[in-house]
$ cat run.pdb   # PDB, C-alpha atoms
MODEL        1
ATOM      1  CA  ASP V1308      -5.670  -9.407 -14.872  1.00  0.00           C
ATOM      2  CA  ALA V1309      -2.305  -8.251 -16.148  1.00  0.00           C
ATOM      3  CA  LYS V1310      -3.798  -5.154 -17.861  1.00  0.00           C
ATOM      4  CA  THR V1311      -1.358  -5.458 -20.752  1.00  0.00           C
ATOM      5  CA  THR V1312      -1.330  -7.242 -24.093  1.00  0.00           C
ATOM      6  CA  GLN V1313       1.841  -8.479 -25.740  1.00  0.00           C
ATOM      7  CA  PRO V1314       2.517 -10.704 -28.752  1.00  0.00           C
ATOM      8  CA  PRO V1315       3.387 -14.226 -27.615  1.00  0.00           C
ATOM      9  CA  SER V1316       6.619 -14.425 -29.562  1.00  0.00           C
ATOM     10  CA  MET V1317       9.040 -12.471 -31.743  1.00  0.00           C
ATOM     11  CA  ASP V1318      12.231 -13.235 -33.623  1.00  0.00           C
ATOM     12  CA  CYS V1319      15.222 -10.978 -34.115  1.00  0.00           C
ATOM     13  CA  ALA V1320      18.548 -11.330 -35.872  1.00  0.00           C
ATOM     14  CA  GLU V1321      21.652 -10.824 -33.784  1.00  0.00           C
ATOM     15  CA  GLY V1322      22.934  -7.246 -34.022  1.00  0.00           C
ATOM     16  CA  ARG V1323      19.601  -5.843 -35.133  1.00  0.00           C
ATOM     17  CA  ALA V1324      17.214  -3.799 -33.028  1.00  0.00           C
ATOM     18  CA  ALA V1325      14.477  -5.713 -31.238  1.00  0.00           C
ATOM     19  CA  ASN V1326      11.243  -3.748 -30.861  1.00  0.00           C
ATOM     20  CA  LEU V1327       8.810  -5.306 -28.411  1.00  0.00           C
ATOM     21  CA  PRO V1328       5.314  -3.797 -28.332  1.00  0.00           C
ATOM     22  CA  CYS V1329       2.886  -3.632 -25.441  1.00  0.00           C
ATOM     23  CA  ASN V1330      -0.694  -2.423 -25.345  1.00  0.00           C
ATOM     24  CA  HIS V1331      -2.060  -0.970 -22.113  1.00  0.00           C
ATOM     25  CA  SER V1332      -5.169   0.851 -23.261  1.00  0.00           C
ATOM     26  CA  THR V1333      -6.715   1.040 -19.768  1.00  0.00           C
ATOM     27  CA  ILE V1334      -3.675   2.555 -18.085  1.00  0.00           C
ATOM     28  CA  SER V1335      -4.544   5.191 -15.523  1.00  0.00           C
ATOM     29  CA  GLY V1336      -2.830   8.513 -15.055  1.00  0.00           C
ATOM     30  CA  ASN V1337      -0.650   7.501 -12.142  1.00  0.00           C
ATOM     31  CA  GLU V1338       0.421   4.107 -13.461  1.00  0.00           C
ATOM     32  CA  TYR V1339       3.919   3.568 -14.726  1.00  0.00           C
ATOM     33  CA  VAL V1340       5.006   1.118 -17.403  1.00  0.00           C
ATOM     34  CA  TYR V1341       7.621  -1.386 -16.237  1.00  0.00           C
ATOM     35  CA  TRP V1342       9.536  -3.924 -18.267  1.00  0.00           C
ATOM     36  CA  TYR V1343      11.111  -7.069 -16.864  1.00  0.00           C
ATOM     37  CA  ARG V1344      12.693 -10.008 -18.586  1.00  0.00           C
ATOM     38  CA  GLN V1345      13.253 -13.604 -17.600  1.00  0.00           C
ATOM     39  CA  ILE V1346      16.110 -15.516 -19.081  1.00  0.00           C
ATOM     40  CA  HIS V1347      15.616 -19.263 -19.001  1.00  0.00           C
ATOM     41  CA  SER V1348      15.921 -20.767 -15.524  1.00  0.00           C
ATOM     42  CA  GLN V1349      16.540 -17.414 -13.860  1.00  0.00           C
ATOM     43  CA  GLY V1350      14.378 -15.020 -11.848  1.00  0.00           C
ATOM     44  CA  PRO V1351      12.919 -12.004 -13.669  1.00  0.00           C
ATOM     45  CA  GLN V1352      15.193  -8.987 -14.059  1.00  0.00           C
ATOM     46  CA  TYR V1353      14.154  -5.328 -14.099  1.00  0.00           C
ATOM     47  CA  ILE V1354      14.930  -3.551 -17.391  1.00  0.00           C
ATOM     48  CA  ILE V1355      13.384  -0.086 -17.473  1.00  0.00           C
ATOM     49  CA  HIS V1356      10.293   1.893 -16.523  1.00  0.00           C
ATOM     50  CA  GLY V1357       8.589   5.148 -17.450  1.00  0.00           C
ATOM     51  CA  LEU V1358       5.509   7.298 -16.963  1.00  0.00           C
ATOM     52  CA  LYS V1359       5.061   9.329 -20.136  1.00  0.00           C
ATOM     53  CA  ASN V1360       8.459  10.429 -21.375  1.00  0.00           C
ATOM     54  CA  ASN V1361      10.738   8.193 -23.378  1.00  0.00           C
ATOM     55  CA  GLU V1362      13.438   6.618 -21.259  1.00  0.00           C
ATOM     56  CA  THR V1363      16.845   5.147 -22.011  1.00  0.00           C
ATOM     57  CA  ASN V1364      19.334   3.266 -19.895  1.00  0.00           C
ATOM     58  CA  GLU V1365      22.281   0.991 -20.522  1.00  0.00           C
ATOM     59  CA  MET V1366      20.018  -1.939 -21.325  1.00  0.00           C
ATOM     60  CA  ALA V1367      17.212  -0.549 -23.420  1.00  0.00           C
ATOM     61  CA  SER V1368      14.994   2.316 -24.511  1.00  0.00           C
ATOM     62  CA  LEU V1369      11.317   2.720 -23.716  1.00  0.00           C
ATOM     63  CA  ILE V1370       9.046   4.616 -26.074  1.00  0.00           C
ATOM     64  CA  ILE V1371       5.596   5.494 -24.696  1.00  0.00           C
ATOM     65  CA  THR V1372       2.950   6.878 -27.024  1.00  0.00           C
ATOM     66  CA  GLU V1373       1.512  10.298 -26.300  1.00  0.00           C
ATOM     67  CA  ASP V1374      -1.836   8.840 -25.228  1.00  0.00           C
ATOM     68  CA  ARG V1375       0.069   6.297 -23.087  1.00  0.00           C
ATOM     69  CA  LYS V1376      -2.037   3.442 -24.382  1.00  0.00           C
ATOM     70  CA  SER V1377       0.930   1.573 -25.764  1.00  0.00           C
ATOM     71  CA  SER V1378       4.689   1.379 -25.486  1.00  0.00           C
ATOM     72  CA  THR V1379       7.676  -0.236 -27.162  1.00  0.00           C
ATOM     73  CA  LEU V1380      10.766  -1.659 -25.563  1.00  0.00           C
ATOM     74  CA  ILE V1381      13.788  -1.319 -27.822  1.00  0.00           C
ATOM     75  CA  LEU V1382      16.936  -3.398 -27.505  1.00  0.00           C
ATOM     76  CA  PRO V1383      19.169  -1.490 -29.930  1.00  0.00           C
ATOM     77  CA  HIS V1384      21.632  -4.268 -30.789  1.00  0.00           C
ATOM     78  CA  ALA V1385      20.194  -7.608 -29.764  1.00  0.00           C
ATOM     79  CA  THR V1386      22.570 -10.384 -28.797  1.00  0.00           C
ATOM     80  CA  LEU V1387      21.984 -14.084 -28.280  1.00  0.00           C
ATOM     81  CA  ARG V1388      21.973 -13.427 -24.528  1.00  0.00           C
ATOM     82  CA  ASP V1389      18.889 -11.258 -24.952  1.00  0.00           C
ATOM     83  CA  THR V1390      16.822 -14.337 -25.743  1.00  0.00           C
ATOM     84  CA  ALA V1391      14.251 -14.294 -22.954  1.00  0.00           C
ATOM     85  CA  VAL V1392      10.615 -13.726 -22.040  1.00  0.00           C
ATOM     86  CA  TYR V1393       9.872 -10.000 -21.791  1.00  0.00           C
ATOM     87  CA  TYR V1394       7.089  -8.796 -19.518  1.00  0.00           C
ATOM     88  CA  CYS V1395       5.335  -5.437 -19.734  1.00  0.00           C
ATOM     89  CA  ILE V1396       3.588  -4.425 -16.487  1.00  0.00           C
ATOM     90  CA  VAL V1397       1.650  -1.337 -15.496  1.00  0.00           C
ATOM     91  CA  ARG V1398       1.330  -0.330 -11.886  1.00  0.00           C
ATOM     92  CA  VAL V1399       1.365   2.534  -9.454  1.00  0.00           C
ATOM     93  CA  PRO V1400       4.722   2.540  -7.706  1.00  0.00           C
ATOM     94  CA  TYR V1401       4.686   2.236  -3.943  1.00  0.00           C
ATOM     95  CA  GLN V1402       0.974   1.555  -3.810  1.00  0.00           C
ATOM     96  CA  ALA V1403       0.292  -0.435  -0.676  1.00  0.00           C
ATOM     97  CA  GLY V1404      -1.299  -3.804  -1.044  1.00  0.00           C
ATOM     98  CA  THR V1405      -0.190  -4.649  -4.534  1.00  0.00           C
ATOM     99  CA  ALA V1406       2.251  -7.042  -6.096  1.00  0.00           C
ATOM    100  CA  LEU V1407       3.676  -7.269  -9.578  1.00  0.00           C
ATOM    101  CA  ILE V1408       1.259  -9.286 -11.653  1.00  0.00           C
ATOM    102  CA  PHE V1409       2.870 -10.848 -14.686  1.00  0.00           C
ATOM    103  CA  GLY V1410       1.084 -11.665 -17.906  1.00  0.00           C
ATOM    104  CA  LYS V1411       2.336 -14.193 -20.423  1.00  0.00           C
ATOM    105  CA  GLY V1412       4.932 -11.856 -21.894  1.00  0.00           C
ATOM    106  CA  THR V1413       6.695 -12.011 -25.246  1.00  0.00           C
ATOM    107  CA  THR V1414       9.234 -14.715 -25.930  1.00  0.00           C
ATOM    108  CA  LEU V1415      12.051 -13.060 -27.881  1.00  0.00           C
ATOM    109  CA  SER V1416      14.314 -15.375 -29.813  1.00  0.00           C
ATOM    110  CA  VAL V1417      17.564 -13.854 -31.048  1.00  0.00           C
ATOM    111  CA  SER V1418      19.369 -15.884 -33.663  1.00  0.00           C
ATOM    112  CA  SER V1419      22.713 -15.551 -35.409  1.00  0.00           C
TER     113      SER V1419
ATOM    114  CA  GLY B 402      23.876 -10.480   0.989  1.00  0.00           C
ATOM    115  CA  ALA B 403      23.821  -8.588  -2.236  1.00  0.00           C
ATOM    116  CA  GLY B 404      20.646 -10.144  -3.568  1.00  0.00           C
ATOM    117  CA  VAL B 405      17.656 -12.299  -2.721  1.00  0.00           C
ATOM    118  CA  SER B 406      18.700 -15.816  -1.824  1.00  0.00           C
ATOM    119  CA  GLN B 407      16.602 -18.946  -1.733  1.00  0.00           C
ATOM    120  CA  SER B 408      17.181 -22.415  -0.411  1.00  0.00           C
ATOM    121  CA  PRO B 409      17.283 -25.143  -1.348  1.00  0.00           C
ATOM    122  CA  SER B 410      18.015 -24.498  -5.004  1.00  0.00           C
ATOM    123  CA  ASN B 411      16.531 -27.869  -5.888  1.00  0.00           C
ATOM    124  CA  LYS B 412      14.195 -30.158  -3.972  1.00  0.00           C
ATOM    125  CA  VAL B 413      12.930 -33.587  -4.910  1.00  0.00           C
ATOM    126  CA  THR B 414      10.236 -35.063  -2.701  1.00  0.00           C
ATOM    127  CA  GLU B 415       7.693 -37.807  -2.704  1.00  0.00           C
ATOM    128  CA  LYS B 416       3.997 -37.206  -3.093  1.00  0.00           C
ATOM    129  CA  GLY B 417       2.365 -36.649   0.277  1.00  0.00           C
ATOM    130  CA  LYS B 418       5.445 -35.245   2.012  1.00  0.00           C
ATOM    131  CA  ASP B 419       5.700 -31.718   3.390  1.00  0.00           C
ATOM    132  CA  VAL B 420       8.329 -29.287   2.108  1.00  0.00           C
ATOM    133  CA  GLU B 421       9.657 -25.954   3.337  1.00  0.00           C
ATOM    134  CA  LEU B 422      11.171 -23.380   1.025  1.00  0.00           C
ATOM    135  CA  ARG B 423      13.209 -20.527   2.413  1.00  0.00           C
ATOM    136  CA  CYS B 424      13.725 -16.975   1.184  1.00  0.00           C
ATOM    137  CA  ASP B 425      16.222 -14.407   2.446  1.00  0.00           C
ATOM    138  CA  PRO B 426      15.291 -10.995   1.035  1.00  0.00           C
ATOM    139  CA  ILE B 427      17.632  -8.105   0.440  1.00  0.00           C
ATOM    140  CA  SER B 428      18.492  -6.478   3.763  1.00  0.00           C
ATOM    141  CA  GLY B 429      16.147  -3.615   4.550  1.00  0.00           C
ATOM    142  CA  HIS B 430      13.468  -4.644   2.069  1.00  0.00           C
ATOM    143  CA  THR B 431      10.114  -4.553   3.825  1.00  0.00           C
ATOM    144  CA  ALA B 432       8.051  -6.190   1.102  1.00  0.00           C
ATOM    145  CA  LEU B 433       8.467  -9.842   0.158  1.00  0.00           C
ATOM    146  CA  TYR B 434       6.658 -11.796  -2.539  1.00  0.00           C
ATOM    147  CA  TRP B 435       6.292 -15.447  -3.486  1.00  0.00           C
ATOM    148  CA  TYR B 436       5.569 -16.557  -7.037  1.00  0.00           C
ATOM    149  CA  ARG B 437       5.280 -19.956  -8.694  1.00  0.00           C
ATOM    150  CA  GLN B 438       6.211 -20.856 -12.239  1.00  0.00           C
ATOM    151  CA  SER B 439       5.211 -24.211 -13.644  1.00  0.00           C
ATOM    152  CA  LEU B 440       7.084 -25.614 -16.626  1.00  0.00           C
ATOM    153  CA  GLY B 441       6.419 -23.517 -19.691  1.00  0.00           C
ATOM    154  CA  GLN B 442       3.976 -21.273 -17.844  1.00  0.00           C
ATOM    155  CA  GLY B 443       4.006 -17.671 -16.685  1.00  0.00           C
ATOM    156  CA  LEU B 444       4.612 -16.326 -13.222  1.00  0.00           C
ATOM    157  CA  GLU B 445       1.782 -17.005 -10.796  1.00  0.00           C
ATOM    158  CA  PHE B 446       1.525 -14.692  -7.783  1.00  0.00           C
ATOM    159  CA  LEU B 447       1.072 -16.569  -4.508  1.00  0.00           C
ATOM    160  CA  ILE B 448       1.410 -14.232  -1.531  1.00  0.00           C
ATOM    161  CA  TYR B 449       3.052 -11.039  -0.439  1.00  0.00           C
ATOM    162  CA  PHE B 450       4.254  -9.758   2.924  1.00  0.00           C
ATOM    163  CA  GLN B 451       4.571  -6.223   4.203  1.00  0.00           C
ATOM    164  CA  GLY B 452       6.791  -6.628   7.231  1.00  0.00           C
ATOM    165  CA  ASN B 453       5.565  -9.765   9.005  1.00  0.00           C
ATOM    166  CA  SER B 454       1.957  -9.484   7.917  1.00  0.00           C
ATOM    167  CA  ALA B 455       0.468 -10.883   4.744  1.00  0.00           C
ATOM    168  CA  PRO B 456      -2.208  -8.507   3.435  1.00  0.00           C
ATOM    169  CA  ASP B 457      -2.700 -10.519   0.288  1.00  0.00           C
ATOM    170  CA  LYS B 458      -2.921 -14.319   0.406  1.00  0.00           C
ATOM    171  CA  SER B 459      -5.261 -14.515  -2.543  1.00  0.00           C
ATOM    172  CA  GLY B 460      -2.842 -16.359  -4.768  1.00  0.00           C
ATOM    173  CA  LEU B 461      -2.287 -19.373  -2.551  1.00  0.00           C
ATOM    174  CA  PRO B 462      -3.708 -22.265  -4.605  1.00  0.00           C
ATOM    175  CA  SER B 463      -5.009 -24.341  -1.705  1.00  0.00           C
ATOM    176  CA  ASP B 464      -4.980 -24.660   2.069  1.00  0.00           C
ATOM    177  CA  ARG B 465      -1.981 -26.965   1.734  1.00  0.00           C
ATOM    178  CA  PHE B 466       0.075 -23.847   1.062  1.00  0.00           C
ATOM    179  CA  SER B 467       1.097 -21.489   3.836  1.00  0.00           C
ATOM    180  CA  ALA B 468       3.787 -18.910   4.377  1.00  0.00           C
ATOM    181  CA  GLU B 469       5.211 -16.979   7.226  1.00  0.00           C
ATOM    182  CA  ARG B 470       7.744 -14.264   7.731  1.00  0.00           C
ATOM    183  CA  THR B 471       9.534 -13.607  10.983  1.00  0.00           C
ATOM    184  CA  GLY B 472      11.466 -10.574  12.098  1.00  0.00           C
ATOM    185  CA  GLY B 473      10.521  -8.767   8.922  1.00  0.00           C
ATOM    186  CA  SER B 474      13.175 -10.715   7.089  1.00  0.00           C
ATOM    187  CA  VAL B 475      13.317 -14.432   6.296  1.00  0.00           C
ATOM    188  CA  SER B 476      10.216 -16.083   4.879  1.00  0.00           C
ATOM    189  CA  THR B 477       9.260 -19.732   4.655  1.00  0.00           C
ATOM    190  CA  LEU B 478       6.761 -21.171   2.186  1.00  0.00           C
ATOM    191  CA  THR B 479       5.395 -24.509   3.350  1.00  0.00           C
ATOM    192  CA  ILE B 480       3.577 -26.988   1.168  1.00  0.00           C
ATOM    193  CA  GLN B 481       1.853 -29.803   3.030  1.00  0.00           C
ATOM    194  CA  ARG B 482       0.986 -33.186   1.537  1.00  0.00           C
ATOM    195  CA  THR B 483       2.675 -32.318  -1.751  1.00  0.00           C
ATOM    196  CA  GLN B 484       1.053 -33.319  -5.026  1.00  0.00           C
ATOM    197  CA  GLN B 485       2.659 -33.812  -8.404  1.00  0.00           C
ATOM    198  CA  GLU B 486       1.011 -30.644  -9.697  1.00  0.00           C
ATOM    199  CA  ASP B 487       2.979 -28.691  -7.091  1.00  0.00           C
ATOM    200  CA  SER B 488       6.116 -29.317  -9.148  1.00  0.00           C
ATOM    201  CA  ALA B 489       7.349 -25.909 -10.247  1.00  0.00           C
ATOM    202  CA  VAL B 490       9.950 -23.232  -9.673  1.00  0.00           C
ATOM    203  CA  TYR B 491       9.096 -21.170  -6.603  1.00  0.00           C
ATOM    204  CA  LEU B 492      10.447 -17.648  -6.859  1.00  0.00           C
ATOM    205  CA  CYS B 493      10.841 -15.162  -4.045  1.00  0.00           C
ATOM    206  CA  ALA B 494      11.230 -11.426  -4.553  1.00  0.00           C
ATOM    207  CA  SER B 495      11.633  -8.377  -2.367  1.00  0.00           C
ATOM    208  CA  SER B 496      11.319  -4.628  -2.670  1.00  0.00           C
ATOM    209  CA  GLU B 497      11.998  -1.613  -0.521  1.00  0.00           C
ATOM    210  CA  ALA B 498       8.350  -0.886   0.127  1.00  0.00           C
ATOM    211  CA  SER B 499       5.033  -2.448  -0.581  1.00  0.00           C
ATOM    212  CA  GLY B 500       4.128  -1.855  -4.168  1.00  0.00           C
ATOM    213  CA  GLY B 501       7.578  -0.643  -5.150  1.00  0.00           C
ATOM    214  CA  GLY B 502       8.195  -1.132  -8.822  1.00  0.00           C
ATOM    215  CA  PHE B 503      11.800  -2.198  -8.382  1.00  0.00           C
ATOM    216  CA  VAL B 504      11.344  -5.786  -7.372  1.00  0.00           C
ATOM    217  CA  TYR B 505      14.352  -8.043  -7.103  1.00  0.00           C
ATOM    218  CA  PHE B 506      13.963 -11.761  -7.634  1.00  0.00           C
ATOM    219  CA  GLY B 507      15.880 -14.664  -6.221  1.00  0.00           C
ATOM    220  CA  PRO B 508      17.119 -17.601  -8.301  1.00  0.00           C
ATOM    221  CA  GLY B 509      14.198 -19.795  -7.292  1.00  0.00           C
ATOM    222  CA  THR B 510      13.738 -23.237  -5.792  1.00  0.00           C
ATOM    223  CA  ARG B 511      13.004 -26.008  -8.271  1.00  0.00           C
ATOM    224  CA  LEU B 512      10.576 -28.419  -6.665  1.00  0.00           C
ATOM    225  CA  LEU B 513       9.913 -31.837  -8.146  1.00  0.00           C
ATOM    226  CA  VAL B 514       7.237 -34.019  -6.586  1.00  0.00           C
ATOM    227  CA  LEU B 515       7.484 -37.645  -7.609  1.00  0.00           C
TER     228      LEU B 515
ENDMDL
END
$ encode --input "run.pdb" --output "structure tokens"
Amino acid sequence: DAKTTQPPSMDCAEGRAANLPCNHSTISGNEYVYWYRQIHSQGPQYIIHGLKNNETNEMASLIITEDRKSSTLILPHATLRDTAVYYCIVRVPYQAGTALIFGKGTTLSVSS
Amino acid sequence: GAGVSQSPSNKVTEKGKDVELRCDPISGHTALYWYRQSLGQGLEFLIYFQGNSAPDKSGLPSDRFSAERTGGSVSTLTIQRTQQEDSAVYLCASSEASGGGFVYFGPGTRLLVL
């Protein structure tokens, strides 16, 4: 049980912002939201994570709703190289006995 | 090395043969994970190690699959009597501590069973 719900696919034009939603209505108070992506034929890559505040790094921004039941990953200026499967995962960091469980993710297709 | 490495990168075998897949985690990472990804499918969790012990083997699909980790470092995933449905990319990952959110993945081993 991946505990998150994501749309199976999304399209985005190159240079535009890509907004990827994730629902995690059963998230508990000590669970963080993590985003990973998997570019074709490569291992998944960490993007960003957050607890309740919005976060930004060099790759993306993460917007978490006040009730923490959903979040949005924003790629501000999508490029063709951002075409990938994006996974939203909720978990308690450093909790013994757990592994990252991936759902089906969202396949983002960026086109020119 | 700088990242998680796996070998071989590609493996073609005949049905019924045994195969061994190797994973070298990032130095100092105590947690190690194995995942499988069949063509067009999501990531399927197989097993994770904390040090040399495997607290969670729940994802291993059958008793033909086994894994071990020695010296808290290198891990080997063994598949006995391979079947065609075992064809997949086998991904290894490691993290600093069990349950750490920052998990680093290797490039995977692409296994094809003929």
$ atom_distance --input "run.pdb" --atom1 "CA of Phe503 (chain B)" --atom2 "CA of Cys1319 (chain V)"
27.4 Å
$ interface_residues --input "run.pdb" --of "chain B" --to "chain V" --cutoff "9 Å" --atoms "all atoms listed in the file" --output "ChimeraX atom specification"
/B:434,442-446,448-449,451,456-457,490,492-494,497-509
$ write_last_selection --input "run.pdb" --atoms "C-alpha atoms" --output "PDB file, in the frame of the given file"
ATOM      1  CA  TYR B 434       6.658 -11.796  -2.539  1.00  0.00           C
ATOM      2  CA  GLN B 442       3.976 -21.273 -17.844  1.00  0.00           C
ATOM      3  CA  GLY B 443       4.006 -17.671 -16.685  1.00  0.00           C
ATOM      4  CA  LEU B 444       4.612 -16.326 -13.222  1.00  0.00           C
ATOM      5  CA  GLU B 445       1.782 -17.005 -10.796  1.00  0.00           C
ATOM      6  CA  PHE B 446       1.525 -14.692  -7.783  1.00  0.00           C
ATOM      7  CA  ILE B 448       1.410 -14.232  -1.531  1.00  0.00           C
ATOM      8  CA  TYR B 449       3.052 -11.039  -0.439  1.00  0.00           C
ATOM      9  CA  GLN B 451       4.571  -6.223   4.203  1.00  0.00           C
ATOM     10  CA  PRO B 456      -2.208  -8.507   3.435  1.00  0.00           C
ATOM     11  CA  ASP B 457      -2.700 -10.519   0.288  1.00  0.00           C
ATOM     12  CA  VAL B 490       9.950 -23.232  -9.673  1.00  0.00           C
ATOM     13  CA  LEU B 492      10.447 -17.648  -6.859  1.00  0.00           C
ATOM     14  CA  CYS B 493      10.841 -15.162  -4.045  1.00  0.00           C
ATOM     15  CA  ALA B 494      11.230 -11.426  -4.553  1.00  0.00           C
ATOM     16  CA  GLU B 497      11.998  -1.613  -0.521  1.00  0.00           C
ATOM     17  CA  ALA B 498       8.350  -0.886   0.127  1.00  0.00           C
ATOM     18  CA  SER B 499       5.033  -2.448  -0.581  1.00  0.00           C
ATOM     19  CA  GLY B 500       4.128  -1.855  -4.168  1.00  0.00           C
ATOM     20  CA  GLY B 501       7.578  -0.643  -5.150  1.00  0.00           C
ATOM     21  CA  GLY B 502       8.195  -1.132  -8.822  1.00  0.00           C
ATOM     22  CA  PHE B 503      11.800  -2.198  -8.382  1.00  0.00           C
ATOM     23  CA  VAL B 504      11.344  -5.786  -7.372  1.00  0.00           C
ATOM     24  CA  TYR B 505      14.352  -8.043  -7.103  1.00  0.00           C
ATOM     25  CA  PHE B 506      13.963 -11.761  -7.634  1.00  0.00           C
ATOM     26  CA  GLY B 507      15.880 -14.664  -6.221  1.00  0.00           C
ATOM     27  CA  PRO B 508      17.119 -17.601  -8.301  1.00  0.00           C
ATOM     28  CA  GLY B 509      14.198 -19.795  -7.292  1.00  0.00           C
TER      29      GLY B 509
END
$ resolve_selection --input "run.pdb" --expression "the PyMOL selection byres ((chain V and resi 1390) around 9)" --output "ChimeraX atom specification"
/V:1345-1347,1385-1389,1391-1392,1414-1418
$ atom_distance --input "run.pdb" --atom1 "CA of Ser1378 (chain V)" --atom2 "CA of Gly404 (chain B)"
29.5 Å
$ resolve_selection --input "run.pdb" --expression "the PyMOL selection byres ((chain B and resi 515) around 7)" --output "NGL selection string"
:B and (414-416 or 485 or 513-514)
$ atom_distance --input "run.pdb" --atom1 "CA of Ser454 (chain B)" --atom2 "CA of Ser467 (chain B)"
12.7 Å
$ closest_residue --input "run.pdb" --among "V:Ile1371, V:Gly1357, V:Glu1362, V:Ile1381" --to "Leu1327 (chain V)" --atoms "all atoms listed in the file"
V:Ile1381
$ closest_residue --input "run.pdb" --among "B:Ser496, B:Asn411, B:Thr431, B:Ser459" --to "Gly472 (chain B)" --atoms "only C-alpha atoms"
B:Thr431
$ residues_near_point --input "run.pdb" --point "(4.2, -16.9, -28.2)" --cutoff "8 Å" --atoms "only C-alpha atoms" --output "list in words"
Pro1314, Pro1315, Ser1316, Met1317, Thr1413 and Thr1414 of chain V
$ residues_around --input "run.pdb" --residues "Thr1379 (chain V)" --least-positions-apart "3" --cutoff "9 Å" --atoms "only C-alpha atoms" --output "PyMOL selection string"
chain V and resi 1326-1330+1368-1372
$ residues_near_point --input "run.pdb" --point "(18.6, -0.9, -30.2)" --cutoff "7 Å" --atoms "only C-alpha atoms" --output "number ranges by chain"
V: 1324-1325, 1367, 1381-1385
$ resolve_selection --input "run.pdb" --expression "the PyMOL selection byres ((chain B and resi 423) around 9)" --output "list of chain:residue names"
B:Ser406, B:Gln407, B:Ser408, B:Pro409, B:Glu421, B:Leu422, B:Cys424, B:Asp425, B:Val475, B:Ser476, B:Thr477, B:Leu478, B:Thr479, B:Cys493, B:Thr510
